[in-house]
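K.L.:
This is the structure I want to talk about, given as structure tokens.
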Amino acid sequence: QIRLEESLIKDVTMDPITGTLLLYEGGINLSNTTHSLTINGGGEIVLQSNQVWQVSSQSQLSMAMSVNLNGQVLTLAPKGPIAISGAVYGDGQLCVDVAVDPGAAPGSAPVTLSGSNGMANAGTVIVENIGSPYAAGQDFAIFDQALSGGNDWTIEPAQPVAGLYWDNLLAVNGKIAVVAVPPPDFTYEKWAAGLDAAAAAFDADPNGDGVANGLAYLYGATGPMVDASVLGPTCHYEIPGEFVIAYRRWDSASDVQSAVAFSTDLRSGVWTLV
């Protein structure tokens, strides 16, 4: 265990560490101190058991090493900021246990993951309300930026309260939000998460496959950088005089409306809905 006691008179820096730091059941406990812990080095931290990294509201944890989950569950309990600039990877699970006050002014995200994300399994955000009641339209920052793979994370409890629902925006902006109606399982915004504003535009074509984002999403491309040119409409003659056009429509693209239109003159720009 790495533990900082309240009696410490200065912050602690472990530097340099160039090998492997093994952490067992004790984890990292900064829950009873006003001081901070910084771990620098070019090696990695390898978890040897499930553990919790706790940080008080008056301290912070800065980790400049890679973290190998090593098949374990790592729970971050940040009342103060936790920043991991190395990669987080391995066959395990990352959980974030946060306390929120819906009545307080929005605060900064408690967790910063600026290294690469190589986690094999989706994680969990565990939310505890320590303030006023939830209301639709509230959102809470969990990570300081969009989290790769965040769409697959779960949120506990499953609902904020009866009659309200969570909207998982971790892959969009690192947040979770409270909404009045169940959000769709997937949205265009989540599909295009990770692109900058220009590349994520509905009519943009960031991968140059000749298919605009909106159509690629409608056709069922698994992401905006996936080649959607092979997913476009097909056409053939069914019987003499009957021309058939078939196109894909992804059932999960429920937030996009589509229709088929025809024109007898491609120059006039006049189209008629079928």
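Ligands are numbered from 1 in the order shown, chains are lettered A, B, ... in the order of the structure tokens, and residues start at 1 in each chain.
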Using DSSP assignments from the backbone, pull out every residue in stretch 11-180 of chain A that falls under strand (DSSP E) and give it to me as number ranges by chain.
P.N.:
A: 12-14, 20-23, 28-30, 37-39, 44-47, 51-55, 61-63, 66-68, 73-78, 82-84, 88-90, 93-100, 111-113, 117-119, 124-129, 139-141, 154-156, 165-169, 175-179
K.L.:
Kindly export the residues of the current selection with C-alpha atoms, as a PDB file, in the first residue's frame.
P.N.:
```
ATOM      1  CA  VAL A  12       5.599  13.245  -1.897  1.00  0.00           C
ATOM      2  CA  THR A  13       7.305  12.512  -5.208  1.00  0.00           C
ATOM      3  CA  MET A  14       8.560   9.029  -6.082  1.00  0.00           C
ATOM      4  CA  THR A  20       8.060  -2.167 -12.364  1.00  0.00           C
ATOM      5  CA  LEU A  21       6.084  -1.123  -9.293  1.00  0.00           C
ATOM      6  CA  LEU A  22       3.799  -3.888  -8.022  1.00  0.00           C
ATOM      7  CA  LEU A  23       0.713  -2.767  -6.080  1.00  0.00           C
ATOM      8  CA  ILE A  28      -3.120   4.003  -2.919  1.00  0.00           C
ATOM      9  CA  ASN A  29      -4.763   5.829  -0.038  1.00  0.00           C
ATOM     10  CA  LEU A  30      -4.720   9.611   0.026  1.00  0.00           C
ATOM     11  CA  LEU A  37       1.498  12.111  -4.454  1.00  0.00           C
ATOM     12  CA  THR A  38       3.371  12.174  -7.753  1.00  0.00           C
ATOM     13  CA  ILE A  39       4.864   9.018  -9.265  1.00  0.00           C
ATOM     14  CA  GLU A  44       4.858   0.584 -15.290  1.00  0.00           C
ATOM     15  CA  ILE A  45       2.591  -0.128 -12.374  1.00  0.00           C
ATOM     16  CA  VAL A  46       1.247  -3.678 -12.386  1.00  0.00           C
ATOM     17  CA  LEU A  47      -1.803  -4.452 -10.254  1.00  0.00           C
ATOM     18  CA  GLN A  51      -7.788  -2.283  -5.329  1.00  0.00           C
ATOM     19  CA  VAL A  52      -8.958   1.296  -4.767  1.00  0.00           C
ATOM     20  CA  TRP A  53      -7.034   4.501  -5.322  1.00  0.00           C
ATOM     21  CA  GLN A  54      -8.550   7.112  -3.000  1.00  0.00           C
ATOM     22  CA  VAL A  55      -7.879  10.841  -3.118  1.00  0.00           C
ATOM     23  CA  LEU A  61      -2.639  11.895  -7.404  1.00  0.00           C
ATOM     24  CA  SER A  62      -0.437  12.325 -10.471  1.00  0.00           C
ATOM     25  CA  MET A  63       0.716   9.164 -12.219  1.00  0.00           C
ATOM     26  CA  SER A  66       1.730   3.197 -17.452  1.00  0.00           C
ATOM     27  CA  VAL A  67      -0.843   1.170 -15.526  1.00  0.00           C
ATOM     28  CA  ASN A  68      -1.228  -2.528 -16.326  1.00  0.00           C
ATOM     29  CA  VAL A  73     -10.332  -4.271 -11.040  1.00  0.00           C
ATOM     30  CA  LEU A  74      -9.000  -0.793 -10.329  1.00  0.00           C
ATOM     31  CA  THR A  75     -11.466   1.591  -8.714  1.00  0.00           C
ATOM     32  CA  LEU A  76     -10.639   5.290  -8.742  1.00  0.00           C
ATOM     33  CA  ALA A  77     -12.347   7.186  -5.915  1.00  0.00           C
ATOM     34  CA  PRO A  78     -11.535  10.818  -6.668  1.00  0.00           C
ATOM     35  CA  ILE A  82      -6.470  11.886 -10.342  1.00  0.00           C
ATOM     36  CA  ALA A  83      -4.289  12.273 -13.443  1.00  0.00           C
ATOM     37  CA  ILE A  84      -2.747   9.326 -15.277  1.00  0.00           C
ATOM     38  CA  VAL A  88      -3.896   2.259 -19.081  1.00  0.00           C
ATOM     39  CA  TYR A  89      -4.148  -1.210 -20.533  1.00  0.00           C
ATOM     40  CA  GLY A  90      -4.590  -4.902 -19.857  1.00  0.00           C
ATOM     41  CA  GLN A  93     -11.576  -3.294 -15.536  1.00  0.00           C
ATOM     42  CA  LEU A  94     -11.426   0.339 -14.555  1.00  0.00           C
ATOM     43  CA  CYS A  95     -14.179   1.756 -12.353  1.00  0.00           C
ATOM     44  CA  VAL A  96     -14.697   5.372 -11.295  1.00  0.00           C
ATOM     45  CA  ASP A  97     -16.579   5.942  -8.050  1.00  0.00           C
ATOM     46  CA  VAL A  98     -17.726   9.567  -7.919  1.00  0.00           C
ATOM     47  CA  ALA A  99     -19.804  11.653  -5.532  1.00  0.00           C
ATOM     48  CA  VAL A 100     -21.891  14.390  -7.185  1.00  0.00           C
ATOM     49  CA  VAL A 111     -10.154  12.026 -13.689  1.00  0.00           C
ATOM     50  CA  THR A 112      -7.644  12.777 -16.437  1.00  0.00           C
ATOM     51  CA  LEU A 113      -6.497   9.940 -18.696  1.00  0.00           C
ATOM     52  CA  ASN A 117      -6.412   3.495 -23.693  1.00  0.00           C
ATOM     53  CA  GLY A 118      -5.705  -0.194 -24.150  1.00  0.00           C
ATOM     54  CA  MET A 119      -8.257  -1.565 -21.701  1.00  0.00           C
ATOM     55  CA  THR A 124     -18.169   1.315 -14.863  1.00  0.00           C
ATOM     56  CA  VAL A 125     -19.038   4.712 -13.425  1.00  0.00           C
ATOM     57  CA  ILE A 126     -20.535   4.449  -9.935  1.00  0.00           C
ATOM     58  CA  VAL A 127     -22.430   7.586  -8.934  1.00  0.00           C
ATOM     59  CA  GLU A 128     -23.383   8.682  -5.416  1.00  0.00           C
ATOM     60  CA  ASN A 129     -25.618  11.727  -4.974  1.00  0.00           C
ATOM     61  CA  ASP A 139     -24.550  16.706 -16.547  1.00  0.00           C
ATOM     62  CA  PHE A 140     -21.471  15.639 -14.641  1.00  0.00           C
ATOM     63  CA  ALA A 141     -17.893  15.579 -15.904  1.00  0.00           C
ATOM     64  CA  THR A 154     -22.065   1.123 -17.706  1.00  0.00           C
ATOM     65  CA  ILE A 155     -23.424   3.566 -15.152  1.00  0.00           C
ATOM     66  CA  GLU A 156     -24.580   2.490 -11.683  1.00  0.00           C
ATOM     67  CA  TYR A 165     -32.350   8.255 -17.042  1.00  0.00           C
ATOM     68  CA  TRP A 166     -28.625   8.430 -17.663  1.00  0.00           C
ATOM     69  CA  ASP A 167     -27.253   9.450 -21.046  1.00  0.00           C
ATOM     70  CA  ASN A 168     -23.741   8.060 -21.473  1.00  0.00           C
ATOM     71  CA  LEU A 169     -21.664  10.783 -23.158  1.00  0.00           C
ATOM     72  CA  LYS A 175     -19.579  13.294 -19.202  1.00  0.00           C
ATOM     73  CA  ILE A 176     -22.762  11.591 -18.098  1.00  0.00           C
ATOM     74  CA  ALA A 177     -26.071  13.440 -18.250  1.00  0.00           C
ATOM     75  CA  VAL A 178     -29.527  13.201 -16.692  1.00  0.00           C
ATOM     76  CA  VAL A 179     -32.407  13.071 -19.194  1.00  0.00           C
TER      77      VAL A 179
END
```
K.L.:
If you run DSSP on the backbone, which residues of stretch 29-235 of chain A are alpha helix (DSSP H), as JSON, numbers by chain?
P.N.:
{"A": [170, 171, 172, 173, 188, 189, 190, 191, 213, 214, 215, 216, 217, 218, 219]}
K.L.:
Please compute the atom CA of A:Lys79-atom CA of A:Gly163 distance, one decimal, in Å.
P.N.:
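The value is 28.0 Å.
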K.L.:
Do you know which residues are at most 12 Å from stretch 194-199 of chain A counting only C-alpha atoms, after dropping those on the same chain fewer than 2 positions away, and could you put them as number ranges by chain?
P.N.:
A: 145-151, 169-174, 188-192, 201-208, 212-214, 223-225
K.L.:
Which residues are close to A:Ser57, i.e. within 9 Å by only C-alpha atoms, leaving aside same-chain residues fewer than 3 positions away? Reply as an MDAnalysis selection string.
P.N.:
chainID A and resid 31 34 60 78:81
K.L.:
Could you please determine the separation between atom CA of A:Gly220 and atom CA of A:Gly232 in Å, to one decimal place?
P.N.:
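If I compute the distance from atom CA of A:Gly220 to atom CA of A:Gly232, I get 10.0 Å.
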K.L.:
Please produce, as a tab-separated table, a per-residue contact table for stretch 160-237 of chain A versus stretch 252-267 of chain A (criterion: any atom at most 8 Å away, only C-alpha atoms considered), showing the nearest atom pair and its distance in Å to one decimal, sorted by chain then residue number.
P.N.:
```
residue	atom	partner	partner_atom	distance
A:Pro184	CA	A:Ser254	CA	7.4
A:Asp185	CA	A:Ser252	CA	7.1
A:Phe186	CA	A:Ser252	CA	6.2
A:Thr187	CA	A:Asp255	CA	6.2
A:Tyr188	CA	A:Asp255	CA	7.2
A:Tyr217	CA	A:Ala253	CA	7.0
A:Leu218	CA	A:Ala253	CA	6.0
A:Gly220	CA	A:Ala253	CA	7.9
```
K.L.:
Using only C-alpha atoms for the distances, tell me which of A:Asp227, A:Asp11, A:Pro110, A:Ile245 is nearest to A:Val274.
P.N.:
A:Ile245
K.L.:
So what do you get for atom CA of A:Met65 versus atom CA of A:Gly86, distance-wise?
P.N.:
4.8 Å
K.L.:
For A:Val230, work out the shell of residues within 12 Å, counting only C-alpha atoms and skipping chain neighbours fewer than 4 positions away, then give it as a ChimeraX atom specification.
P.N.:
/A:209-211,216,219-221,226,234,247-248
K.L.:
If you keep N, CA, C and O atoms, can you produce a file of those selected residues as a compact mmCIF listing (two decimals), in the first residue's frame?
P.N.:
```txt
# COMPACT_ATOMS: atom_id res chain seq x y z
N ASP A 209 -13.70 8.10 -48.43
CA ASP A 209 -14.23 6.94 -49.16
C ASP A 209 -15.36 7.32 -50.12
O ASP A 209 -15.96 6.46 -50.76
N GLY A 210 -15.66 8.62 -50.23
CA GLY A 210 -16.70 9.07 -51.13
C GLY A 210 -18.10 9.01 -50.55
O GLY A 210 -19.06 9.32 -51.25
N VAL A 211 -18.22 8.64 -49.28
CA VAL A 211 -19.53 8.55 -48.61
C VAL A 211 -19.54 9.51 -47.43
O VAL A 211 -18.70 9.41 -46.53
N ALA A 216 -22.90 7.19 -44.25
CA ALA A 216 -22.15 6.06 -43.70
C ALA A 216 -22.80 5.57 -42.41
O ALA A 216 -22.92 4.36 -42.17
N TYR A 219 -26.06 3.78 -43.33
CA TYR A 219 -25.82 2.48 -43.95
C TYR A 219 -25.33 1.43 -42.95
O TYR A 219 -25.37 0.24 -43.25
N GLY A 220 -24.81 1.88 -41.79
CA GLY A 220 -24.36 0.92 -40.79
C GLY A 220 -22.87 0.75 -40.68
O GLY A 220 -22.40 -0.25 -40.11
N ALA A 221 -22.08 1.71 -41.21
CA ALA A 221 -20.64 1.66 -40.99
C ALA A 221 -20.36 1.73 -39.50
O ALA A 221 -21.00 2.51 -38.78
N VAL A 226 -14.37 3.98 -41.13
CA VAL A 226 -14.55 2.69 -41.80
C VAL A 226 -15.00 2.93 -43.24
O VAL A 226 -15.84 3.81 -43.49
N THR A 234 -27.76 -0.58 -54.10
CA THR A 234 -27.59 -1.42 -55.29
C THR A 234 -28.86 -1.30 -56.13
O THR A 234 -29.93 -0.95 -55.61
N TYR A 247 -31.33 -0.29 -50.55
CA TYR A 247 -30.32 0.38 -49.74
C TYR A 247 -30.44 -0.07 -48.29
O TYR A 247 -31.52 -0.45 -47.81
N ARG A 248 -29.31 -0.02 -47.61
CA ARG A 248 -29.24 -0.44 -46.22
C ARG A 248 -29.69 0.71 -45.32
O ARG A 248 -29.41 1.88 -45.59
```
K.L.:
Pick the closest to A:Glu6 from A:Ser114, A:Ser49, A:Asn70, A:Ser36: which is it, counting only C-alpha atoms?
P.N.:
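Checking each candidate against A:Glu6, we get A:Ser36 as the closest.
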K.L.:
What lies within 8 Å of A:Gly103 using only C-alpha atoms, ignoring chain neighbours under 4 positions off, as a list in words?
P.N.:
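Non-adjacent residues within range: Gly131, Ser132 and Pro133 of chain A.
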K.L.:
Emit the selected residues as an mmCIF file, in the first residue's frame, including all heavy atoms.
P.N.:
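Contents of result_1.cif, as written:
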```
data_model
loop_
_atom_site.group_PDB
_atom_site.id
_atom_site.type_symbol
_atom_site.label_atom_id
_atom_site.label_comp_id
_atom_site.auth_asym_id
_atom_site.auth_seq_id
_atom_site.Cartn_x
_atom_site.Cartn_y
_atom_site.Cartn_z
ATOM 1 N N GLY A 131 -25.950 15.534 -2.725
ATOM 2 C CA GLY A 131 -26.527 16.870 -2.661
ATOM 3 C C GLY A 131 -28.002 16.886 -2.946
ATOM 4 O O GLY A 131 -28.761 16.020 -2.505
ATOM 5 N N SER A 132 -28.429 17.858 -3.741
ATOM 6 C CA SER A 132 -29.841 18.063 -4.033
ATOM 7 C C SER A 132 -30.336 17.032 -5.043
ATOM 8 O O SER A 132 -29.542 16.295 -5.634
ATOM 9 C CB SER A 132 -30.042 19.483 -4.576
ATOM 10 O OG SER A 132 -29.228 19.687 -5.723
ATOM 11 N N PRO A 133 -31.664 16.983 -5.266
ATOM 12 C CA PRO A 133 -32.203 15.965 -6.174
ATOM 13 C C PRO A 133 -31.747 16.150 -7.617
ATOM 14 O O PRO A 133 -31.423 17.253 -8.059
ATOM 15 C CB PRO A 133 -33.725 16.166 -6.042
ATOM 16 C CG PRO A 133 -33.916 16.843 -4.730
ATOM 17 C CD PRO A 133 -32.722 17.723 -4.563
#
```
